[in-house]
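Written below as C-alpha cells is the structure these notes are about.
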Amino acid sequence: MTDKTILFTEEMRKTHTILIPTMLPMHFKMISSILNASGYKTELLDNLNSRELTECGLKYVHNDTCYPAILVIGQFINALQSGKYDIDHVALILMQTGGGCRASNYISLLRKALKKAGFEKVPVISLNFTGVENHPGFQLTIPILHRMLYGVLYADLLMLLKNQCLPYEMNKGDSENLAGRLTEELAAELAHTKRLKYKDILKNYLRIIEAFKAVPCKRTNKVKVGIVGEIFVKYSPLGNNNLEKFLIGEGAEVVVPGLLDFCLYCVYNGLVDTKLYGINKLKSGFTKIAYRFLIKKQKDIIKAVKNNSDFTPPGYFDHTRTLVKGYINLGTKMGEGWLLCAEMLELVEMGVKNIVCTQPFGCLPNHIAGKGMMKPIKEKNPDVNIVAIDYDPGATQINQENRIKLMLANVKTSDPLPEKEPAAARS
Amino acid sequence: MVECQTKLNGITQTTIGIDVGSTTAKVVVVENEHVIYERYERHFSQVRAKILEMITDISDILANKTLKIAVSGSAGMGLANAAGLPFVQEVFATGETVKLIAPDTSVVIELGGEDAKVIFFKGGTDERMNGSCAGGTGAFIDQMATLLDVTNEEMDALSLLHKRIYPIASRCGVFAKSDIQPLLNQGASKSDIAASIYQAVVNQTIAGLAQGRKIEGKVMFLGGPLYYCKGLRERFAETLKLSEENALFPSYARYSVALGTAIFANKQNRSFTYDELVSSLENATVAKVNRSNLKPLFASKEEYDAFVARHSRATVKTADSASYSGDVYLGIDCGSTTTKLVLMTKEQEILYSYYDSNKGNPVEIIREQLNEIYQKFGDKITIRGSAVTGYGEELIKHAFHVDEGLVETMAHFTAAKHFNPQVDFILDIGGQDIKCFKVRKNSIDSIMLNEACSSGCGSFIETFAKSMGYGTEEFTKKGLFAKAPVDLGTRCTVFMNSSVKQAQKDGATVEDISAGLSMSVVKNAIYKVIRASSADELGEQIVVQGGTFLNDAVLRCFETEIGREVIRPQIAGLMGAYGAALFAQSRSKGSSSLLTKEQLSRFTHTSKAATCNGCGNHCRLTINIFSDNERFISGNQCEKGAGISPKNVETLPNLFAYKRDKLAALPEGDGNLGVIGLPLALGMYELAPLWHGIFTYLGFKVVFSGFSSRSLYIKGQYSIPSDTACYPAKIMHGHMETLIEKDVDAIFYPCLTYNLDEKISDNHYNCPVVAYYPELLSSNMESLQKTIFLYPYLNINNQNELARGLCACLERFLLKIPMPKMKAAVKHGFACYDQWMKDVRNAGKEAIEYAEKHNKRIMVLAGRPYHIDPEISHGIDKLANTLGFVVVSEDSISAFAKPPQTNVLNQWTYHARLYAAAKYAAEHENMEFVQLVSFGCGVDAITTDEVRSILESHNRLYTQIKIDEITNLGAVKIRLRSLLGALSNRDEQ
C-alpha cells in the first residue's frame, strides 16, 4: 500500500458497486447478500468464460504469476472492459491473507494491472483479518462478521450434502437445484433477519439436512474421490476445468473439505506462531477465544449431520490437525501449508483413498506441503492413490484428464469399479 | 512374423488392442493366446481415419469373428468415446501386460511420444506419469534429431560412438536446444552430443518420475523410443547400474500398451462383429467442441494481395553478380540454427547472399561459401572488410580470421536503421530466439530476449510442420486462408504440443492449427517476451526481421495483434548478416584479414574435448584446432580456460567471489561435542556465519557441504519430489547427501517462516521454499535416516526465543545445553553475523571506490544470497569481470539506500534488499543493475516487474537473466555485451 493507493472511502459506500470475483458460488452468494443488507452494494461477477478471462489476465499480469491471479485479475478487467459497469462508481474486492506466499501480493498485481488497463481510479478493497490494509469505507463489524460466519457454515453444509447426493440422484439436477434454492433462501434470511438467533441457526442446519434427505437417490457403490489443494483451484470450477463435474461423469463421488477448515487453519496458525516463536503473545488470548468459538460452530454441524442422517459429516478440526504428526510441522503455514497434508490424511481416515491434489503450476508452498508429502503419505498408507494435477493457462484439459483417469484406473480392486456413465450424458 | 513373441494366457477369443499415442497408432490382434497380427504407424493426427484403415486392412483376419476390442492412449480417448468402444488408461494397460507376461519385473520405464511413465511393482504398485511440464520424451528426441540434421536412426548410431557426455537440460526441447546449439557451434562432435541428449532423457526420467524411489531390481524398458534407440538403452542401463539380466528390453516393447489393452478388452463383456466395429468407427465423428477460434488472417484474396504488395516495397537493391567488379564487404551471421552470409558492394547493394540451416556444422558451411564466393567472383572483387555476428561469432572469427565481431543486437540495429532511420522498435524472431529492443536517442535501450521457457520461434513451427508431415513453408502457407484459426495460447513447446493435440481432438484442420501456431509465436513475443499490453508500448516505427517473419502468416498475425503496420525488409532473414556487412564497411581499414583463396584451400578444422583444471568449476572445454595451428577454446566460463594466464587479466573487485572466499574460509573449529553439518544452499548462504558462530561457540565441530557442482546435484537428484521447484532448492538434496557421506553427527537446517527483520519492508518472510524445504527433505530423503536431521522452527529476530528454540531442539535430539550457555552462544553468533554483514558492506563500499578511482563500470548482480553459488550462477560474475565490470552483490549495497516505496507488498527480506539495491543503483550513473532470476521462482514474477519499474522511473536500463540447472553462458554474454554496447552508445552521445 502506498500513499497513491486509492482507498475505498465512506462516500463510496453509497455510490460504488463492489464487484466480487468467482470462487465458491454458494459461499460468496451468502457473503454478498449480507454485505448488501449492511449498507454496501455488491455484485458477484458472472463472466465465466475461463478462456477469455485467462487471455485477458495474461495481457495484464506477469505471465509467470500463478494461475489464480491471472484468472481473477483477468475476470475483473474483463468485467470492467465489458461496459456493463459505470467505471466511476465501481470498486473491486479481493481476499488478502498477508502471509508469506505470493498470494498476499495479488492485490498489488491487480492494482498494477488496473493501471495498465487504464482503470487506475477503481479502488480495490483488501478483505483481510491481519490489518495489511485498511479502507475507511469498508469495515467488517462484528455483526457482519458474525453473519458471514454463518453464511460460510451454511454453504459448507450445502456443499457437503450436495456432493453426497448428486452422483446418486434419480432425477438429474435435483441436488443442484435444491442447493441453489436453499442458498437463495438462507442468504436472504441471514441478510435480513434483525437478530440472529442461535436456535434458528440450528433449525436451519436441520432444514438443510432434511431437504437433502428428501432428494430421491439410488445409492450404488461409487468410488469416492477427494479434492484437496490450493484454495482457488480446489474450489473454483473456473480454475480447475470443472474437475468435480468430470469426476462425477467418470462415476465418482466427490469429497471436498469445507471452507471453515481453511478459516480455522488461519486462526490456529496465530496460536502456533506464539508457541513456536513467542510472538503476538498479547493477541493470542483473543485468538484462542476465536478458535474455540469456531470449533464449537463446527461441532454443531457435525452433530446435526450425525444425529439426523446417514450422511458423512465433516471431520473435527481439532482431530484433523493432529493427523499431520510425523508428516509435517504445524509451523508450515504459507499457502495451504500443513492443512493440505492434514486434509489428505483426513480423507484417508474417512476411507476416501483416492485423492486429486490440485495446484497452480509452480505453486511454491505446494512443492512442500503437497507434492513433498505424497511419499510419506503413500508409504504409511499403502492403499492410498493420489494424483497431483497442475493448473495453468497453458495446461490442457486432455492431459489433466488422462492423469486423473490413470488415478481412477488404479482404484484398488477392493473398491468397487466405477460405473461409467454413457458419453452422451457428459457434455 | 510378429515382434511380440509372447504368450498371453487366457485370451482365446479374437481380441484387438488399439493404442493411439500422441504420434503413433499401434494395433495388435490376439487369438488363441498368441499375437497373430501387429502394426505400428505414425497417424499424423488423423486418428479415426488411421484406425479405420488399420482395421479394414485386416478384414480377412477379422471378418466373421466375434471380436473383443478396447482402445487406449492419449489420442485414443476421444475416439473411444465417440465410437462407443471400451477405453483403458495407457499406463494401467502397460501394468496389465507386465503383470501377465513378466511378473517378476520390479520397475517399468516407458517412454512414449510425449509421455514418460514409470511403474513400480515391488513394494506397493505405483504408477506415475510425467506432469504437465516435462520434456525428455520421444517428441523431444525427434526435435533434437531435427536440430542435429540427422534421422533418428543416424542419431542412435552416432551416439554409440561417443567419447564424452556434455550436460544438457532436458526439461523441454527449448532448454536443450540452447545447450546443444552452442556445443554445435563450438564444434563438439555429433556423436558426443547425441549421447548427451540420451543422457538428458535418462536424467529427466529419473529426476521427474522416480521421486525418491530407487529404480532397482529387474527393470523393463518399453515404448517406441526405447525400442529404437540402442544408445538410449545403453544410457539407461549405465546410469541405473543395471546388469544385463536386470535390464529387460522385450520384443514387444512398442506394443506393451496395445497388448495390455487387449488384456483389458478380453475382460469386457461386450463383443463386436467386424461390421459393427467398422460402422461404429465410421460413424464416430468427433464432435466439434466449442473451442475458441480466432479471426481468419485474411478476409479475402484481395486483402492478401494488398498486404504482399505493401511489404514488397521494403527491399534492398541487388547488384548484378555477372557484371559487378570492385570493393565488397562481407557480413556473416552465424545464428543458432541457420547461417546467413551477405556480400555487399560499397553502394550497399547485395551482390551475393546465402541463407540456410547450419546443419550442425557452421564452420564447414562458411568454408564452402567462401570457396563459392572466390570461385564465382574471382579477381573481380576485393574484400575490404568483414564482420561476423551471432552465436558462432568467436568460432568463425578465429577460424577464418574475420576482421570484426559484433554482438547480434548491434548488427540488427545497424541493418534496421538502413531501412528506417527513425526506427524505434526492432523485433527479431529467429530460429531459436526472439530478440527485441527499443531504440531511444539513436541508441539501443531495454533489450529483451526470450527466456528459456517462453521460446516458440522458427524452429518451433518447423518441428510442428514436420510432425504433421509438411515442409515448413507449405505448412505456414496453409494457415494464410484458414477459416477458423485455433487459439493455442502462449506457452512453451511442450505445452503447445498438448494444446495442438487437444485442438486435433476437437476436430481442427491443419490449416487452422497452422494459423494458430503463427499467432502463438506472435503472442509469445508480445506478451511473454516484450510483456506489452498495447501497441503504443512498442513504438511507432517498428521494423520486424528474422527468418520467421519471412513467413507471411506470422507477419500478418503480428500486424493484426498490435493493430499497426510494420516494416518487414524483404531480406528479413539476412538482416544480421547485412548489418554485419554495413558494420564491416564502417570499420574498414582498407584491407581485410579474411583467409584468402589460397589459405582457404589449406583450411582444416578438428575439435576435441577437454576439461579445464584452472579452478573448481572444471569447465568442459571444446578445443578447436584450425590449419596453421590456430586454436580456439570454448566452453570456458572465465578467461583462464581460454588459455590466458590469469596474471594478464586485471582482477576487478567481485563481491560474489569475496563472499565465496569468506565462506570457504570459515574454520571447522576443534569442538569435541560432536560434528554438525550445515548444507551450503538456500538460506544457509545468508545465515552461515550465525549458525557457524553458535555451534562452534557451543563446542561443536562444524562441517559445510561445500559449494555446489553438477555432480553434487546429480547425487541427490533421485529424491526430488517436485521437479518444477527452483534449482537452488533442488540442489539441496545433493548437499544433504554430501553431508551424510561426510558422516556428520547431525545436519542442521532450520525452518524459518520469518527471516531477519531489517526494517526496510512491510514484512520479513522467507519465500515458502526457503522457509520449509527441510520438511520436504525430511519426508523424501531416506538416506537422512542415517543421521540426525535437525530442522526446528526458530525465531531469529529474538535472541531469547532463538536460544529457547535451539535448547529444546538440541535437548530432544542430541544433548542438553544450559540456557545461559545457549544465550551466550546466540549472542556470539549474532556478533559473528553482524561483523560478517559489516565486512560485506565494507567490501561493497571498497569495490565502488575502486570503480570510481579506475573509472570502471559497476554491475549490481542482484538476486538472493544463494545465487553466489558457482553452480547456480554458472560463473556469470566472472563473465561480468572479464567484460570489465566491477561486480557487487545486492546485500553489499542495499543498506546504503533509503528503502523505496514499492507498488507491491514488500513482504520478503531478501526481496526488500533487491528493491533497495535497485534504487541505489538507479541513483548512481556508473552502476548497472542485472537481476538473476531462478527458473521456477514464483516470487520473482512479482519482484522483477517492480525492480524494472524502480530503474525505469530513473530512466535506467534493466537487465534480467534467468538461470537454471544448465545455463548457456553464450546467451548471457549476448545480453551483457548488448548492455555494454547500449552503454557505450549512450556515452558517445
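Residue numbering restarts at 1 in every chain; chains get A, B, ... in the order shown in the C-alpha cells, and ligands count up from 1 in that same order.
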Residue list for chain B near chain A as an MDAnalysis selection string, 6 Å, only C-alpha atoms: chainID B and resid 89 491 499 533 721:722 765 768 776 779 795 904:905 941
Those residues with N, CA and C atoms, as an mmCIF file, in the first residue's frame please?
data_model
loop_
_atom_site.group_PDB
_atom_site.id
_atom_site.type_symbol
_atom_site.label_atom_id
_atom_site.label_comp_id
_atom_site.auth_asym_id
_atom_site.auth_seq_id
_atom_site.Cartn_x
_atom_site.Cartn_y
_atom_site.Cartn_z
ATOM 1 N N GLN B 89 -6.905 -46.584 -19.558
ATOM 2 C CA GLN B 89 -5.796 -45.638 -19.458
ATOM 3 C C GLN B 89 -4.490 -46.365 -19.785
ATOM 4 N N ARG B 491 2.630 -20.512 -24.706
ATOM 5 C CA ARG B 491 3.352 -21.335 -23.736
ATOM 6 C C ARG B 491 4.525 -21.987 -24.426
ATOM 7 N N SER B 499 -1.657 -28.636 -26.477
ATOM 8 C CA SER B 499 -2.741 -27.794 -26.995
ATOM 9 C C SER B 499 -3.113 -28.213 -28.408
ATOM 10 N N SER B 533 1.183 -4.417 -23.223
ATOM 11 C CA SER B 533 -0.269 -4.586 -23.223
ATOM 12 C C SER B 533 -0.902 -3.823 -24.377
ATOM 13 N N PRO B 721 10.957 -34.593 -5.172
ATOM 14 C CA PRO B 721 9.570 -34.929 -5.481
ATOM 15 C C PRO B 721 8.902 -33.954 -6.446
ATOM 16 N N SER B 722 9.343 -32.705 -6.431
ATOM 17 C CA SER B 722 8.675 -31.730 -7.288
ATOM 18 C C SER B 722 9.719 -31.105 -8.201
ATOM 19 N N TYR B 765 9.286 -12.056 5.601
ATOM 20 C CA TYR B 765 9.178 -13.501 5.421
ATOM 21 C C TYR B 765 10.349 -14.041 4.605
ATOM 22 N N PRO B 768 8.272 -19.406 0.565
ATOM 23 C CA PRO B 768 7.849 -20.703 1.097
ATOM 24 C C PRO B 768 8.894 -21.803 0.917
ATOM 25 N N LEU B 776 10.351 -30.981 3.350
ATOM 26 C CA LEU B 776 10.334 -31.825 2.157
ATOM 27 C C LEU B 776 11.516 -32.798 2.172
ATOM 28 N N SER B 779 10.918 -35.626 4.538
ATOM 29 C CA SER B 779 9.901 -36.589 4.095
ATOM 30 C C SER B 779 10.325 -37.412 2.894
ATOM 31 N N ASN B 795 12.824 -18.592 15.783
ATOM 32 C CA ASN B 795 12.600 -17.154 15.657
ATOM 33 C C ASN B 795 13.964 -16.485 15.758
ATOM 34 N N VAL B 904 4.214 -2.872 -4.649
ATOM 35 C CA VAL B 904 3.763 -4.197 -4.229
ATOM 36 C C VAL B 904 3.966 -4.312 -2.732
ATOM 37 N N LEU B 905 3.343 -5.313 -2.166
ATOM 38 C CA LEU B 905 3.549 -5.573 -0.752
ATOM 39 C C LEU B 905 4.988 -6.071 -0.590
ATOM 40 N N ALA B 941 8.301 -13.435 -10.113
ATOM 41 C CA ALA B 941 7.319 -12.915 -11.066
ATOM 42 C C ALA B 941 6.835 -11.560 -10.557
#
As a list in words, please: every residue in stretch 794-899 of chain B that a backbone DSSP assignment puts in strand (DSSP E).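 Across stretch 794-899 of chain B, those assigned strand (DSSP E) are Arg857, Ile858, Met859, Val860, Leu861, Ala862, Phe885, Val886, Val887, Val888 and Ser889 of chain B.
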Selection export as a JSON list (two decimals), in the first residue's frame, atoms kept: C-alpha atoms:
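The result, written out as selection.json:
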[["chain", "number", "residue", "atom", "x", "y", "z"],
["B", 857, "ARG", "CA", 31.51, 0.36, -14.59],
["B", 858, "ILE", "CA", 29.84, -1.39, -11.72],
["B", 859, "MET", "CA", 27.43, -4.24, -12.17],
["B", 860, "VAL", "CA", 25.00, -4.80, -9.34],
["B", 861, "LEU", "CA", 24.49, -8.52, -9.79],
["B", 862, "ALA", "CA", 21.40, -8.92, -7.72],
["B", 885, "PHE", "CA", 32.61, -4.70, -14.76],
["B", 886, "VAL", "CA", 33.27, -4.40, -11.06],
["B", 887, "VAL", "CA", 30.73, -6.77, -9.52],
["B", 888, "VAL", "CA", 28.82, -6.01, -6.35],
["B", 889, "SER", "CA", 26.02, -8.04, -4.78]]
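The space between atom CA of B:Ile625 and atom CA of B:Thr604 spans 8.0 Å.
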Write out as a VMD selection string which residues come within 6 Å of stretch 566-580 of chain B when counting only C-alpha atoms, dropping same-chain ones fewer than 6 positions away. chain B and resid 314 to 315 331 to 333 340 to 342 387 411 to 412 414 to 415 542 to 547
Mind dumping the selected residues with N, CA and C atoms as a PDB file, in the first residue's frame?
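Result file is selection-v2.pdb:
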ATOM      1  N   ALA B 314       9.688  -2.833 -49.122  1.00  0.00           N
ATOM      2  CA  ALA B 314      10.853  -2.731 -48.246  1.00  0.00           C
ATOM      3  C   ALA B 314      11.939  -3.667 -48.743  1.00  0.00           C
ATOM      4  N   THR B 315      12.774  -3.136 -49.593  1.00  0.00           N
ATOM      5  CA  THR B 315      13.735  -4.023 -50.225  1.00  0.00           C
ATOM      6  C   THR B 315      15.112  -3.375 -50.331  1.00  0.00           C
ATOM      7  N   GLY B 331      29.503  -9.799 -44.667  1.00  0.00           N
ATOM      8  CA  GLY B 331      28.851  -9.898 -43.361  1.00  0.00           C
ATOM      9  C   GLY B 331      28.386 -11.332 -43.136  1.00  0.00           C
ATOM     10  N   ILE B 332      28.704 -11.882 -41.973  1.00  0.00           N
ATOM     11  CA  ILE B 332      28.303 -13.256 -41.665  1.00  0.00           C
ATOM     12  C   ILE B 332      27.470 -13.232 -40.396  1.00  0.00           C
ATOM     13  N   ASP B 333      26.350 -13.939 -40.422  1.00  0.00           N
ATOM     14  CA  ASP B 333      25.551 -14.094 -39.211  1.00  0.00           C
ATOM     15  C   ASP B 333      25.473 -15.578 -38.921  1.00  0.00           C
ATOM     16  N   LYS B 340      23.841 -17.222 -42.148  1.00  0.00           N
ATOM     17  CA  LYS B 340      23.498 -16.245 -43.158  1.00  0.00           C
ATOM     18  C   LYS B 340      24.759 -15.505 -43.573  1.00  0.00           C
ATOM     19  N   LEU B 341      24.804 -15.163 -44.844  1.00  0.00           N
ATOM     20  CA  LEU B 341      26.003 -14.515 -45.326  1.00  0.00           C
ATOM     21  C   LEU B 341      25.607 -13.504 -46.399  1.00  0.00           C
ATOM     22  N   VAL B 342      26.179 -12.329 -46.344  1.00  0.00           N
ATOM     23  CA  VAL B 342      25.867 -11.292 -47.326  1.00  0.00           C
ATOM     24  C   VAL B 342      27.165 -10.681 -47.831  1.00  0.00           C
ATOM     25  N   ALA B 387      32.869  -8.864 -41.194  1.00  0.00           N
ATOM     26  CA  ALA B 387      32.432  -8.889 -39.792  1.00  0.00           C
ATOM     27  C   ALA B 387      31.516 -10.083 -39.580  1.00  0.00           C
ATOM     28  N   ALA B 411      24.186  -5.611 -34.693  1.00  0.00           N
ATOM     29  CA  ALA B 411      24.091  -5.920 -36.124  1.00  0.00           C
ATOM     30  C   ALA B 411      22.675  -5.658 -36.636  1.00  0.00           C
ATOM     31  N   HIS B 412      21.698  -6.095 -35.849  1.00  0.00           N
ATOM     32  CA  HIS B 412      20.321  -5.915 -36.277  1.00  0.00           C
ATOM     33  C   HIS B 412      19.914  -4.442 -36.285  1.00  0.00           C
ATOM     34  N   THR B 414      21.913  -1.913 -36.757  1.00  0.00           N
ATOM     35  CA  THR B 414      22.578  -1.279 -37.900  1.00  0.00           C
ATOM     36  C   THR B 414      21.771  -1.519 -39.177  1.00  0.00           C
ATOM     37  N   ALA B 415      21.324  -2.730 -39.366  1.00  0.00           N
ATOM     38  CA  ALA B 415      20.573  -3.050 -40.575  1.00  0.00           C
ATOM     39  C   ALA B 415      19.210  -2.361 -40.586  1.00  0.00           C
ATOM     40  N   ILE B 542       8.157   0.518 -36.318  1.00  0.00           N
ATOM     41  CA  ILE B 542       8.585  -0.837 -35.974  1.00  0.00           C
ATOM     42  C   ILE B 542       9.175  -1.561 -37.181  1.00  0.00           C
ATOM     43  N   VAL B 543      10.328  -2.144 -36.983  1.00  0.00           N
ATOM     44  CA  VAL B 543      10.916  -2.990 -38.020  1.00  0.00           C
ATOM     45  C   VAL B 543      10.945  -4.414 -37.491  1.00  0.00           C
ATOM     46  N   VAL B 544      10.397  -5.340 -38.270  1.00  0.00           N
ATOM     47  CA  VAL B 544      10.473  -6.736 -37.848  1.00  0.00           C
ATOM     48  C   VAL B 544      11.384  -7.490 -38.792  1.00  0.00           C
ATOM     49  N   GLN B 545      12.062  -8.460 -38.262  1.00  0.00           N
ATOM     50  CA  GLN B 545      13.016  -9.188 -39.080  1.00  0.00           C
ATOM     51  C   GLN B 545      13.262 -10.572 -38.514  1.00  0.00           C
ATOM     52  N   GLY B 546      14.223 -11.262 -39.071  1.00  0.00           N
ATOM     53  CA  GLY B 546      14.487 -12.630 -38.650  1.00  0.00           C
ATOM     54  C   GLY B 546      13.738 -13.570 -39.577  1.00  0.00           C
ATOM     55  N   GLY B 547      14.279 -14.757 -39.743  1.00  0.00           N
ATOM     56  CA  GLY B 547      13.725 -15.699 -40.709  1.00  0.00           C
ATOM     57  C   GLY B 547      12.258 -15.980 -40.511  1.00  0.00           C
TER      58      GLY B 547
END
Restricting the calculation to only C-alpha atoms, which member of B:Leu184, B:Leu294, B:Val257, B:Val108 is positioned closest to B:Glu216?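 The answer is B:Val108, which sits nearest to B:Glu216.
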From the set A:Leu282, A:Leu186, A:Val256, A:Ala214, which residue has the shortest atom-to-atom contact distance to A:Gly226, counting only C-alpha atoms?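 Nearest candidate to A:Gly226 out of A:Leu282, A:Leu186, A:Val256, A:Ala214: A:Val256.
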